[in-house]
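Text of model-v7.cif (mmCIF, C-alpha atoms and all ligand atoms) as supplied:
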```
data_work
loop_
_atom_site.label_atom_id
_atom_site.label_comp_id
_atom_site.auth_asym_id
_atom_site.auth_seq_id
_atom_site.Cartn_x
_atom_site.Cartn_y
_atom_site.Cartn_z
CA MET A 95 78.67 109.24 100.00
CA ARG A 96 80.17 111.44 97.27
CA THR A 97 81.29 109.66 94.11
CA ILE A 98 83.09 110.83 90.99
CA VAL A 99 82.94 108.92 87.70
CA ILE A 100 85.69 109.66 85.19
CA GLY A 101 84.46 109.08 81.62
CA ALA A 102 80.98 109.39 80.11
CA GLY A 103 80.98 106.43 77.75
CA ILE A 104 78.30 103.75 78.01
CA GLY A 105 79.81 102.43 81.26
CA GLY A 106 80.27 105.82 82.95
CA LEU A 107 76.75 106.99 82.07
CA ALA A 108 75.23 103.72 83.27
CA ALA A 109 77.15 104.16 86.55
CA ALA A 110 75.85 107.73 86.91
CA LEU A 111 72.31 106.36 86.69
CA THR A 112 72.73 103.39 89.04
CA LEU A 113 74.66 105.39 91.68
CA ARG A 114 72.07 108.15 91.60
CA ARG A 115 69.24 105.64 91.99
CA SER A 116 71.07 104.30 95.05
CA GLY A 117 70.92 107.75 96.62
CA LEU A 118 74.60 108.65 96.21
CA ASP A 119 75.96 112.01 95.19
CA VAL A 120 77.46 111.56 91.68
CA GLN A 121 79.50 113.83 89.44
CA VAL A 122 80.67 112.64 86.01
CA PHE A 123 83.70 114.19 84.30
CA GLU A 124 84.30 113.65 80.58
CA GLN A 125 87.25 114.86 78.55
CA ALA A 126 85.27 115.48 75.34
CA THR A 127 83.56 118.80 74.72
CA GLU A 128 80.45 116.99 73.52
CA LEU A 129 79.20 113.43 73.89
CA ARG A 130 79.72 111.57 70.66
CA GLU A 131 79.71 107.97 69.52
CA VAL A 132 80.91 106.47 66.29
CA GLY A 133 78.40 105.77 63.51
CA ALA A 134 78.27 102.04 64.16
CA GLY A 135 76.13 99.43 65.84
CA ILE A 136 76.25 97.75 69.22
CA GLN A 137 74.51 94.63 70.52
CA LEU A 138 73.00 94.62 73.98
CA SER A 139 72.14 91.23 75.43
CA PRO A 140 69.44 90.66 78.12
CA ASN A 141 71.95 90.72 81.00
CA ALA A 142 72.36 94.45 80.28
CA SER A 143 68.95 95.40 78.88
CA ARG A 144 67.23 94.17 82.08
CA ILE A 145 69.44 96.56 84.11
CA LEU A 146 68.63 99.49 81.84
CA ASN A 147 64.92 98.59 81.87
CA ARG A 148 64.97 98.87 85.66
CA LEU A 149 66.53 102.31 85.33
CA GLY A 150 63.37 103.44 83.53
CA LEU A 151 64.82 103.22 80.02
CA GLU A 152 62.48 100.52 78.72
CA GLU A 153 60.40 102.87 76.58
CA PRO A 154 63.27 104.68 74.77
CA MET A 155 65.09 101.39 74.31
CA ARG A 156 62.05 99.81 72.67
CA ARG A 157 61.71 102.89 70.47
CA MET A 158 65.35 103.18 69.40
CA GLY A 159 66.45 99.54 69.46
CA VAL A 160 66.03 96.78 66.93
CA ARG A 161 65.06 93.34 68.28
CA PRO A 162 66.71 90.73 66.05
CA HIS A 163 64.71 87.50 65.92
CA SER A 164 67.83 85.29 65.64
CA ALA A 165 71.59 85.09 65.52
CA VAL A 166 72.89 83.07 62.60
CA VAL A 167 76.40 81.80 61.83
CA ARG A 168 77.24 81.09 58.20
CA ARG A 169 80.15 79.62 56.31
CA TRP A 170 82.29 82.18 54.52
CA ASP A 171 82.18 80.85 50.95
CA ASP A 172 78.88 79.10 50.30
CA GLY A 173 76.82 80.83 53.01
CA ARG A 174 75.75 77.49 54.52
CA GLU A 175 74.07 78.01 57.89
CA LEU A 176 76.20 76.50 60.68
CA THR A 177 73.93 77.36 63.58
CA ARG A 178 70.94 79.52 64.47
CA GLN A 179 70.03 80.90 67.86
CA PRO A 180 66.57 82.37 68.44
CA LEU A 181 66.86 85.80 70.11
CA ALA A 182 63.96 88.25 70.39
CA ASP A 183 61.06 86.23 71.77
CA ALA A 184 63.31 83.48 73.14
CA CYS A 185 65.35 85.98 75.18
CA GLU A 186 62.25 87.62 76.62
CA ARG A 187 60.71 84.24 77.40
CA ASN A 188 63.83 82.61 78.87
CA PHE A 189 65.64 85.56 80.37
CA GLY A 190 62.91 88.16 80.92
CA ALA A 191 64.55 90.90 78.89
CA PRO A 192 65.13 91.71 75.21
CA TYR A 193 68.19 91.34 73.02
CA TYR A 194 68.75 94.65 71.21
CA ASN A 195 70.82 96.07 68.41
CA PHE A 196 71.40 99.82 68.66
CA HIS A 197 73.00 102.57 66.71
CA ARG A 198 75.69 103.58 69.21
CA ALA A 199 74.72 107.25 69.11
CA ASP A 200 71.12 106.35 70.00
CA LEU A 201 72.23 104.30 73.00
CA LEU A 202 74.54 107.05 74.24
CA ASP A 203 71.76 109.64 73.72
CA LEU A 204 69.17 107.71 75.67
CA LEU A 205 71.59 107.15 78.56
CA SER A 206 72.79 110.76 78.66
CA ALA A 207 69.21 112.12 78.41
CA ALA A 208 68.47 110.32 81.69
CA VAL A 209 71.43 111.93 83.51
CA PRO A 210 70.44 115.22 85.20
CA LYS A 211 72.13 118.21 83.57
CA GLY A 212 74.27 119.46 86.46
CA MET A 213 75.77 116.01 87.01
CA LEU A 214 77.81 115.84 83.80
CA HIS A 215 80.91 118.00 83.31
CA LEU A 216 82.28 118.01 79.78
CA ASP A 217 85.74 119.26 78.77
CA HIS A 218 87.30 117.88 81.97
CA ARG A 219 90.20 115.55 81.23
CA CYS A 220 91.43 113.81 84.34
CA VAL A 221 95.22 114.14 84.55
CA GLY A 222 95.88 112.82 88.04
CA LEU A 223 94.54 111.66 91.40
CA THR A 224 95.72 112.10 94.98
CA GLN A 225 94.43 109.68 97.59
CA HIS A 226 94.04 110.98 101.15
CA ARG A 227 92.98 108.95 104.15
CA ASP A 228 89.40 110.23 104.01
CA ARG A 229 88.93 111.35 100.37
CA VAL A 230 90.36 111.42 96.83
CA GLU A 231 91.25 114.58 94.93
CA VAL A 232 90.98 114.50 91.13
CA GLN A 233 92.96 116.94 88.99
CA PHE A 234 91.84 118.05 85.51
CA HIS A 235 93.73 119.47 82.52
CA ASN A 236 92.09 122.88 82.95
CA GLY A 237 93.40 123.31 86.50
CA ALA A 238 90.09 122.39 88.15
CA THR A 239 90.01 119.85 90.99
CA ALA A 240 87.22 117.85 92.61
CA ASP A 241 86.93 115.74 95.77
CA ALA A 242 85.00 112.56 96.51
CA ASP A 243 84.81 109.62 98.89
CA VAL A 244 85.13 107.21 95.95
CA VAL A 245 86.45 107.71 92.41
CA ILE A 246 85.45 105.34 89.60
CA GLY A 247 87.60 105.12 86.48
CA ALA A 248 85.24 104.55 83.53
CA ASP A 249 87.72 106.11 81.15
CA GLY A 250 88.20 103.30 78.68
CA ILE A 251 91.02 101.03 77.58
CA HIS A 252 93.71 103.75 77.89
CA SER A 253 92.45 104.76 81.33
CA THR A 254 94.34 107.52 83.11
CA VAL A 255 92.74 106.45 86.39
CA ARG A 256 94.04 102.94 85.92
CA LYS A 257 97.53 104.20 85.15
CA SER A 258 97.51 106.41 88.23
CA ILE A 259 96.63 103.53 90.57
CA MET A 260 98.35 100.58 88.84
CA GLY A 261 101.24 102.20 86.97
CA PRO A 262 101.83 102.28 83.20
CA GLU A 263 101.15 99.18 81.09
CA SER A 264 100.21 98.84 77.43
CA PRO A 265 97.21 96.96 76.09
CA ARG A 266 97.88 93.92 73.88
CA PHE A 267 97.42 94.29 70.12
CA SER A 268 95.42 91.31 68.84
CA GLY A 269 96.80 91.35 65.29
CA HIS A 270 93.20 92.00 64.15
CA VAL A 271 91.75 95.08 62.51
CA ALA A 272 88.02 95.87 62.28
CA TYR A 273 86.54 97.72 59.30
CA ARG A 274 83.11 99.12 60.08
CA GLY A 275 80.35 100.40 57.86
CA LEU A 276 76.78 101.68 58.07
CA VAL A 277 74.50 101.25 55.04
CA PRO A 278 71.03 102.83 54.65
CA ALA A 279 68.86 99.71 54.77
CA ASP A 280 66.89 100.60 51.63
CA ARG A 281 70.13 100.58 49.60
CA ILE A 282 70.47 96.82 50.10
CA ALA A 283 66.76 96.00 50.44
CA HIS A 284 67.01 93.84 47.29
CA LEU A 285 69.10 91.33 49.31
CA GLY A 286 65.96 90.59 51.36
CA MET A 287 67.91 90.19 54.57
CA GLU A 288 66.10 88.90 57.65
CA LEU A 289 66.02 90.80 60.97
CA ALA A 290 68.88 88.76 62.41
CA VAL A 291 72.44 89.15 63.64
CA ALA A 292 74.46 87.35 60.98
CA ALA A 293 78.07 86.24 61.40
CA TRP A 294 80.14 84.71 58.61
CA TRP A 295 83.20 82.74 59.72
CA GLY A 296 86.14 82.08 57.44
CA PRO A 297 89.90 81.59 57.36
CA GLY A 298 91.56 84.38 59.36
CA HIS A 299 88.54 86.68 58.99
CA HIS A 300 84.95 87.08 60.08
CA PHE A 301 82.10 89.37 59.11
CA VAL A 302 79.12 90.42 61.27
CA HIS A 303 76.09 92.46 60.18
CA TYR A 304 72.73 93.50 61.62
CA TYR A 305 70.06 96.19 61.45
CA VAL A 306 70.23 99.26 63.73
CA GLY A 307 68.36 102.54 64.20
CA ALA A 308 64.68 103.04 65.02
CA GLY A 309 62.64 101.22 62.40
CA ALA A 310 65.73 99.22 61.29
CA ARG A 311 66.83 102.13 59.10
CA TYR A 312 70.46 101.10 58.77
CA HIS A 313 72.47 97.98 58.27
CA ASN A 314 75.63 97.89 60.37
CA TRP A 315 78.62 95.72 59.49
CA VAL A 316 81.96 94.86 61.07
CA ALA A 317 84.63 93.06 59.04
CA VAL A 318 87.52 91.63 61.07
CA THR A 319 90.76 90.92 59.23
CA PRO A 320 94.35 90.19 60.16
CA GLY A 321 96.55 93.28 60.06
CA GLU A 322 99.40 95.19 61.57
CA TRP A 323 97.69 98.58 61.53
CA ARG A 324 97.59 99.70 65.17
CA VAL A 325 95.54 102.90 65.40
CA GLU A 326 92.45 102.92 67.61
CA SER A 327 90.29 105.83 66.57
CA TRP A 328 86.62 106.14 65.81
CA THR A 329 87.47 108.58 63.07
CA ALA A 330 90.27 106.72 61.24
CA ARG A 331 89.15 106.13 57.68
CA GLY A 332 89.65 102.79 55.96
CA GLU A 333 89.40 102.14 52.24
CA VAL A 334 86.35 100.17 51.09
CA ALA A 335 88.57 98.67 48.37
CA ASP A 336 90.99 97.34 51.02
CA ALA A 337 88.13 95.76 52.96
CA LEU A 338 86.80 94.16 49.76
CA LYS A 339 90.25 92.81 48.94
CA GLU A 340 90.40 91.11 52.33
CA PHE A 341 87.13 89.34 51.52
CA GLU A 342 88.02 88.18 48.03
CA GLY A 343 86.44 84.79 47.31
CA TRP A 344 83.82 85.24 50.08
CA HIS A 345 80.11 84.84 49.44
CA PRO A 346 78.75 87.53 47.08
CA ARG A 347 76.36 88.80 49.78
CA VAL A 348 79.25 89.68 52.10
CA ARG A 349 81.00 91.55 49.31
CA GLU A 350 77.83 93.34 48.28
CA ILE A 351 77.17 94.59 51.83
CA ILE A 352 80.75 95.85 52.18
CA GLY A 353 80.61 97.48 48.76
CA ALA A 354 77.36 99.32 49.60
CA VAL A 355 79.14 101.98 51.69
CA GLU A 356 81.06 104.99 50.42
CA THR A 357 83.25 105.22 53.51
CA THR A 358 84.45 102.86 56.17
CA ASN A 359 86.22 103.28 59.52
CA ARG A 360 89.15 101.15 60.56
CA TRP A 361 89.84 100.22 64.18
CA ALA A 362 92.79 98.23 65.56
CA LEU A 363 91.62 95.70 68.16
CA TYR A 364 93.31 95.57 71.55
CA ASP A 365 92.59 93.87 74.86
CA ARG A 366 94.39 93.11 78.12
CA ASP A 367 94.91 90.11 80.33
CA PRO A 368 92.59 90.14 83.36
CA LEU A 369 94.05 92.47 86.01
CA PRO A 370 95.06 91.09 89.40
CA ARG A 371 92.83 93.74 91.02
CA TRP A 372 90.65 96.70 90.11
CA THR A 373 90.76 98.76 93.31
CA VAL A 374 93.41 100.70 95.22
CA GLY A 375 92.22 102.58 98.32
CA ARG A 376 89.21 104.70 97.39
CA VAL A 377 89.66 104.36 93.64
CA THR A 378 88.21 101.58 91.49
CA LEU A 379 87.78 100.77 87.81
CA MET A 380 84.93 99.64 85.59
CA GLY A 381 84.18 98.91 81.93
CA ASP A 382 87.07 98.91 79.46
CA ALA A 383 89.28 100.60 82.06
CA ALA A 384 89.00 97.42 84.17
CA HIS A 385 88.50 94.62 81.65
CA PRO A 386 88.99 95.57 77.98
CA MET A 387 88.05 92.66 75.75
CA LEU A 388 87.94 91.82 72.07
CA PRO A 389 84.45 92.32 70.63
CA TYR A 390 83.90 88.63 69.79
CA MET A 391 81.29 87.98 72.47
CA ALA A 392 79.67 91.44 72.08
CA GLN A 393 80.03 91.90 75.84
CA GLY A 394 82.36 94.92 76.42
CA ALA A 395 79.63 97.51 76.96
CA VAL A 396 77.26 94.92 78.42
CA GLN A 397 79.78 94.03 81.12
CA SER A 398 80.32 97.71 81.90
CA ILE A 399 76.56 98.00 82.56
CA GLU A 400 76.74 94.99 84.88
CA ASP A 401 79.66 96.73 86.68
CA ALA A 402 77.52 99.84 87.12
CA ALA A 403 74.67 97.86 88.65
CA VAL A 404 76.84 95.97 91.16
CA LEU A 405 78.96 98.97 92.12
CA ALA A 406 75.87 100.96 93.10
CA LYS A 407 74.48 98.07 95.15
CA CYS A 408 77.79 97.78 97.03
CA LEU A 409 78.17 101.49 97.68
CA GLU A 410 74.57 102.18 98.71
CA ARG A 411 75.15 100.20 101.92
CA ALA A 412 78.64 101.52 102.61
CA ASP A 413 79.88 104.06 105.10
CA ALA A 414 81.76 106.96 103.46
CA HIS A 415 84.51 106.60 106.07
CA ASP A 416 85.11 102.95 105.27
CA VAL A 417 84.72 102.05 101.62
CA ASP A 418 87.19 99.13 101.56
CA ALA A 419 84.64 96.40 102.19
CA ALA A 420 82.21 97.78 99.60
CA LEU A 421 84.82 98.13 96.87
CA SER A 422 86.27 94.73 97.59
CA ARG A 423 82.80 93.18 97.38
CA TYR A 424 82.27 94.94 94.03
CA GLU A 425 85.52 93.54 92.70
CA GLN A 426 84.93 90.02 94.04
CA THR A 427 81.46 89.94 92.49
CA ARG A 428 82.43 91.30 89.12
CA LYS A 429 85.96 90.21 88.33
CA PRO A 430 85.40 86.48 87.73
CA ARG A 431 82.55 87.10 85.30
CA ALA A 432 84.21 89.94 83.40
CA SER A 433 87.47 87.96 83.21
CA ARG A 434 85.56 84.99 81.79
CA CYS A 435 84.27 87.28 79.03
CA GLN A 436 87.78 88.64 78.34
CA GLU A 437 89.12 85.11 78.00
CA GLY A 438 86.11 83.82 76.05
CA SER A 439 86.36 86.70 73.59
CA ARG A 440 90.00 85.84 72.90
CA ARG A 441 89.08 82.19 72.37
CA ASN A 442 86.30 83.16 69.95
CA GLY A 443 88.88 85.14 67.97
CA ILE A 444 90.60 81.82 67.28
CA MET A 445 87.46 79.70 66.74
CA ASN A 446 85.81 82.19 64.34
CA HIS A 447 88.92 82.35 62.16
CA LEU A 448 89.85 78.68 61.68
CA ALA A 449 91.23 77.77 58.27
CA ASP A 450 89.23 75.13 56.42
CA GLY A 451 90.38 71.71 57.59
CA GLU A 452 89.87 69.16 60.33
CA GLU A 453 89.56 71.59 63.24
CA GLN A 454 87.05 73.71 61.34
CA ARG A 455 84.98 70.61 60.47
CA LYS A 456 84.97 69.56 64.13
CA ARG A 457 83.90 73.05 65.16
CA ASP A 458 81.08 73.09 62.61
CA ALA A 459 79.87 69.65 63.63
CA HIS A 460 79.88 70.74 67.26
CA LEU A 461 77.87 73.85 66.37
CA ALA A 462 75.33 71.79 64.46
CA SER A 463 74.82 69.14 67.14
CA SER A 464 71.59 69.45 69.08
CA THR A 465 73.34 69.18 72.45
CA THR A 466 75.03 72.51 71.88
CA ALA A 467 71.88 74.50 71.08
CA PRO A 468 73.29 77.97 71.53
CA LEU A 469 70.64 79.67 73.65
CA PRO A 470 70.90 77.33 76.66
CA GLN A 471 74.66 77.53 76.23
CA ASN A 472 74.45 81.28 76.72
CA ALA A 473 72.20 81.08 79.77
CA TRP A 474 75.15 81.71 82.12
CA LEU A 475 75.65 85.00 80.33
CA TYR A 476 72.24 86.26 79.21
CA GLY A 477 70.22 84.72 82.03
CA HIS A 478 72.37 86.04 84.82
CA ASP A 479 70.74 88.83 86.84
CA VAL A 480 73.60 90.54 88.69
CA GLU A 481 71.25 92.65 90.79
CA ALA A 482 69.09 89.73 91.91
CA GLU A 483 72.20 87.69 92.67
CA PHE A 484 73.49 90.50 94.83
CA GLU A 485 70.24 90.83 96.77
CA GLN A 486 70.22 87.10 97.52
CA LYS A 487 73.67 87.12 99.12
C1 LIG B 501 84.35 96.71 66.65
C2 LIG B 501 83.76 96.70 68.03
C3 LIG B 501 82.49 96.16 68.23
C4 LIG B 501 81.95 96.10 69.53
N1 LIG B 501 80.70 95.58 69.69
C5 LIG B 501 80.17 95.48 70.94
C6 LIG B 501 78.85 94.94 71.13
O1 LIG B 501 78.17 94.58 70.17
N2 LIG B 501 78.37 94.86 72.42
C7 LIG B 501 79.10 95.28 73.49
O2 LIG B 501 78.62 95.17 74.64
N3 LIG B 501 80.33 95.81 73.34
C8 LIG B 501 80.89 95.93 72.10
N4 LIG B 501 82.13 96.49 71.93
C9 LIG B 501 82.86 96.95 73.12
C10 LIG B 501 82.36 98.29 73.62
O3 LIG B 501 82.38 99.24 72.57
C11 LIG B 501 83.22 98.79 74.77
O4 LIG B 501 83.49 97.73 75.66
C12 LIG B 501 82.48 99.88 75.53
O5 LIG B 501 82.21 100.96 74.69
C13 LIG B 501 83.32 100.34 76.73
O6 LIG B 501 82.63 101.36 77.39
P1 LIG B 501 83.36 102.22 78.50
O7 LIG B 501 82.35 103.21 78.95
O8 LIG B 501 84.01 101.34 79.49
O9 LIG B 501 84.58 102.93 77.74
P2 LIG B 501 84.59 103.96 76.53
O10 LIG B 501 83.43 103.75 75.63
O11 LIG B 501 85.95 103.89 75.94
O12 LIG B 501 84.36 105.37 77.22
C14 LIG B 501 85.38 106.00 77.95
C15 LIG B 501 85.03 107.47 78.09
O13 LIG B 501 86.01 108.08 78.93
C16 LIG B 501 86.46 109.28 78.35
N5 LIG B 501 87.81 109.53 78.85
C17 LIG B 501 88.96 108.86 78.53
N6 LIG B 501 90.00 109.34 79.21
C18 LIG B 501 89.52 110.33 80.00
C19 LIG B 501 90.12 111.21 80.96
N7 LIG B 501 91.44 111.15 81.23
N8 LIG B 501 89.32 112.11 81.59
C20 LIG B 501 87.98 112.18 81.33
N9 LIG B 501 87.38 111.38 80.43
C21 LIG B 501 88.13 110.46 79.78
C22 LIG B 501 86.39 109.03 76.85
O14 LIG B 501 86.34 110.24 76.12
C23 LIG B 501 85.10 108.22 76.74
O15 LIG B 501 83.96 109.05 76.64
C24 LIG B 501 82.68 96.58 70.63
C25 LIG B 501 83.95 97.14 70.44
C26 LIG B 501 84.48 97.21 69.15
C27 LIG B 501 85.85 97.81 68.97
#
```
If you convert what's in this file into structure tokens, what do you get?
Amino acid sequence: MRTIVIGAGIGGLAAALTLRRSGLDVQVFEQATELREVGAGIQLSPNASRILNRLGLEEPMRRMGVRPHSAVVRRWDDGRELTRQPLADACERNFGAPYYNFHRADLLDLLSAAVPKGMLHLDHRCVGLTQHRDRVEVQFHNGATADADVVIGADGIHSTVRKSIMGPESPRFSGHVAYRGLVPADRIAHLGMELAVAAWWGPGHHFVHYYVGAGARYHNWVAVTPGEWRVESWTARGEVADALKEFEGWHPRVREIIGAVETTNRWALYDRDPLPRWTVGRVTLMGDAAHPMLPYMAQGAVQSIEDAAVLAKCLERADAHDVDAALSRYEQTRKPRASRCQEGSRRNGIMNHLADGEEQRKRDAHLASSTTAPLPQNAWLYGHDVEAEFEQK
């Protein structure tokens, strides 16, 4: 079975590793001339870290990742704690794998270091696909072509692969903009912040921050605000003063963390409705190409890693001449769960941003009640082992 993965983001690289482990021939084509990630953080819950552990990445993940001991939600103005979820030890105990915070570049580096050199082709932008009865031909911007039995579009929210099999369609702008910053941890050491993922919820806005980088060297923050600015680019600069203005009246700690950076990036937030299907013929989609979601469950990259695990399990048993059953099994296994995350992330975008008032008080009371202890509530997500589930069927 020959497979081609288009896109070497977190999802595409994870797929390269799982497909290779399943004994398939894999080639990955990436448009960029070098692999780069934005200077920002990413959270990886146990449903993804257990998959990467099994790929032999346990040691570099432990070295490069930060294990937050809890996730805390606070009120925007007085900092009152609304709920606290134990993470590090509780995740390992309950779900058998760690919860990590990474610097994105570290995560991309440790994935790409595990991909054999000849497998990754940089500077290859996919511009089109032609499906034949027994193979798919991929065309690149530089005139090169490549053939495979199966092509996997891991080329992100603006996927060319998706467009070529489903037709053009624009993602939905959420009306939210994310400012992002990375602060050397020693610069704000005087705040005495615990090793936790902290989220502050307030009217129309929320703010998330946590440590990243080996040895918790940096503090990463994301500030989500309403806005009409629609550019998605890792390199688009935002003004720190604009971010601070959005958080006027918020708790001094929030403002101090924002103000501790010299520069900030700004990122317009888009998603899509769940697609009716992910596969046409010998071509399928994964990651943001298949199910782009708002970042409010921290599951976009995590779900792409789950896709990679299931796709490899489906294809390792398939016959290269008849991939329909394998790809349809992949889609049937993955789509309900990824769609649930797309929809849940949208819902969180409303819940996290409630204006002070009756609904907000109900939400806070619900959060505080013992019956909604957050870790058991997340068991469907963090405790789910997609590979084990697949083996049992
Ligand atoms: C503010 C913010 C915070 C987030 N936080 C989290 C979090 O904490 N946890 C989490 O799990 N997720 C998080 N996410 C979501 C996560 O970043 C994405 O879901 C994830 O990166 C998607 O990975 P991917 O590999 O599918 O796509 P991408 O990362 O978009 O990678 C696509 C790759 O394909 C390449 N490419 C594109 N077009 C072509 C082409 N035509 N030919 C060849 N190559 C091509 C691109 O250059 C890129 O390398 C967050 C997102 C945002 C915006």
- prompt: When you draw a straight line from atom CA of A:Ala384 to atom CA of A:Glu400, how long is it in Å?
  reply: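 Distance reported for this atom pair: 12.5 Å.
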- request: Choose the residue, out of A:Gly477, A:Pro162, A:Gly269, A:Gly150, that has the smallest atom-to-atom separation from A:Gly309; count all atoms listed in the file.
  value: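 Ranking A:Gly477, A:Pro162, A:Gly269, A:Gly150 by distance to A:Gly309, first place goes to A:Pro162.
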field: Proximity to ligand LIG 501 (chain B) - best of A:Ala459, A:Met387, A:Val167, A:Ala208, only C-alpha atoms and all ligand atoms
entry: A:Met387
Extending 3 Å beyond the listed atoms of ligand LIG 501 (chain B) on each side, what axis-aligned box results? I want centre and edge lengths in Å to one decimal, as lines of an AutoDock Vina configuration file.
```
center_x = 84.8
center_y = 103.4
center_z = 74.1
size_x = 19.3
size_y = 23.6
size_z = 20.9
```
Contacts of A:His215 within 10 Å, all atoms listed in the file, excl. fewer than 4 positions in-chain, as a list in words: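 Using all atoms listed in the file, the neighbours found are Ile100, Gly101, Ala102, Gln121, Val122, Phe123, Glu124, Gln125, Ala126, Thr127, Glu128, Lys211 and Arg219 of chain A.
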Best match for closeness to A:Ile145 among A:Leu223, A:Val396, A:Val417, A:Ala432, counting all atoms listed in the file: A:Val396
message: Please return as JSON, numbers by chain the residues found within 8 Å of ligand LIG 501 (chain B), counting only C-alpha atoms and all ligand atoms.
response: {"A": [100, 101, 102, 103, 104, 105, 106, 107, 123, 124, 125, 126, 129, 130, 135, 136, 137, 138, 139, 195, 217, 218, 219, 220, 221, 234, 248, 249, 250, 251, 252, 253, 254, 255, 272, 273, 274, 316, 361, 362, 363, 380, 381, 382, 383, 384, 386, 387, 388, 389, 390, 391, 392, 393, 394, 395, 396, 397, 398]}
field: Counting only C-alpha atoms, the residue of A:Glu231, A:Asp200, A:Asp365, A:Glu483 that sits nearest A:Cys435
entry: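 Looking only at the distances to A:Cys435, the closest residue turns out to be A:Asp365.
Using all atoms listed in the file, the smallest distance between any of A:Arg349, A:His300, A:His460, A:Arg266 and A:Arg324 comes from A:Arg266.
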Output stretch 360-371 of chain A as an mmCIF file, keeping the file's coordinate frame, making sure N, CA and C atoms are there.
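File produced: part10.cif:
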```cif
data_model
loop_
_atom_site.group_PDB
_atom_site.id
_atom_site.type_symbol
_atom_site.label_atom_id
_atom_site.label_comp_id
_atom_site.auth_asym_id
_atom_site.auth_seq_id
_atom_site.Cartn_x
_atom_site.Cartn_y
_atom_site.Cartn_z
ATOM 1 N N ARG A 360 88.257 102.276 60.281
ATOM 2 C CA ARG A 360 89.150 101.150 60.560
ATOM 3 C C ARG A 360 89.580 101.286 62.023
ATOM 4 N N TRP A 361 89.639 100.173 62.731
ATOM 5 C CA TRP A 361 89.840 100.220 64.180
ATOM 6 C C TRP A 361 90.729 99.048 64.562
ATOM 7 N N ALA A 362 91.908 99.317 65.112
ATOM 8 C CA ALA A 362 92.790 98.230 65.560
ATOM 9 C C ALA A 362 92.237 97.654 66.857
ATOM 10 N N LEU A 363 92.275 96.340 66.998
ATOM 11 C CA LEU A 363 91.620 95.700 68.160
ATOM 12 C C LEU A 363 92.644 95.301 69.229
ATOM 13 N N TYR A 364 92.431 95.819 70.405
ATOM 14 C CA TYR A 364 93.310 95.570 71.550
ATOM 15 C C TYR A 364 92.513 94.946 72.692
ATOM 16 N N ASP A 365 93.197 94.235 73.575
ATOM 17 C CA ASP A 365 92.590 93.870 74.860
ATOM 18 C C ASP A 365 93.702 93.808 75.902
ATOM 19 N N ARG A 366 93.387 93.305 77.067
ATOM 20 C CA ARG A 366 94.390 93.110 78.120
ATOM 21 C C ARG A 366 94.123 91.773 78.785
ATOM 22 N N ASP A 367 95.140 91.249 79.454
ATOM 23 C CA ASP A 367 94.910 90.110 80.330
ATOM 24 C C ASP A 367 94.088 90.601 81.515
ATOM 25 N N PRO A 368 93.305 89.701 82.146
ATOM 26 C CA PRO A 368 92.590 90.140 83.360
ATOM 27 C C PRO A 368 93.580 90.715 84.379
ATOM 28 N N LEU A 369 93.190 91.824 85.006
ATOM 29 C CA LEU A 369 94.050 92.470 86.010
ATOM 30 C C LEU A 369 94.036 91.686 87.317
ATOM 31 N N PRO A 370 95.112 91.744 88.086
ATOM 32 C CA PRO A 370 95.060 91.090 89.400
ATOM 33 C C PRO A 370 94.051 91.763 90.336
ATOM 34 N N ARG A 371 93.863 93.064 90.218
ATOM 35 C CA ARG A 371 92.830 93.740 91.020
ATOM 36 C C ARG A 371 92.376 95.016 90.328
#
```
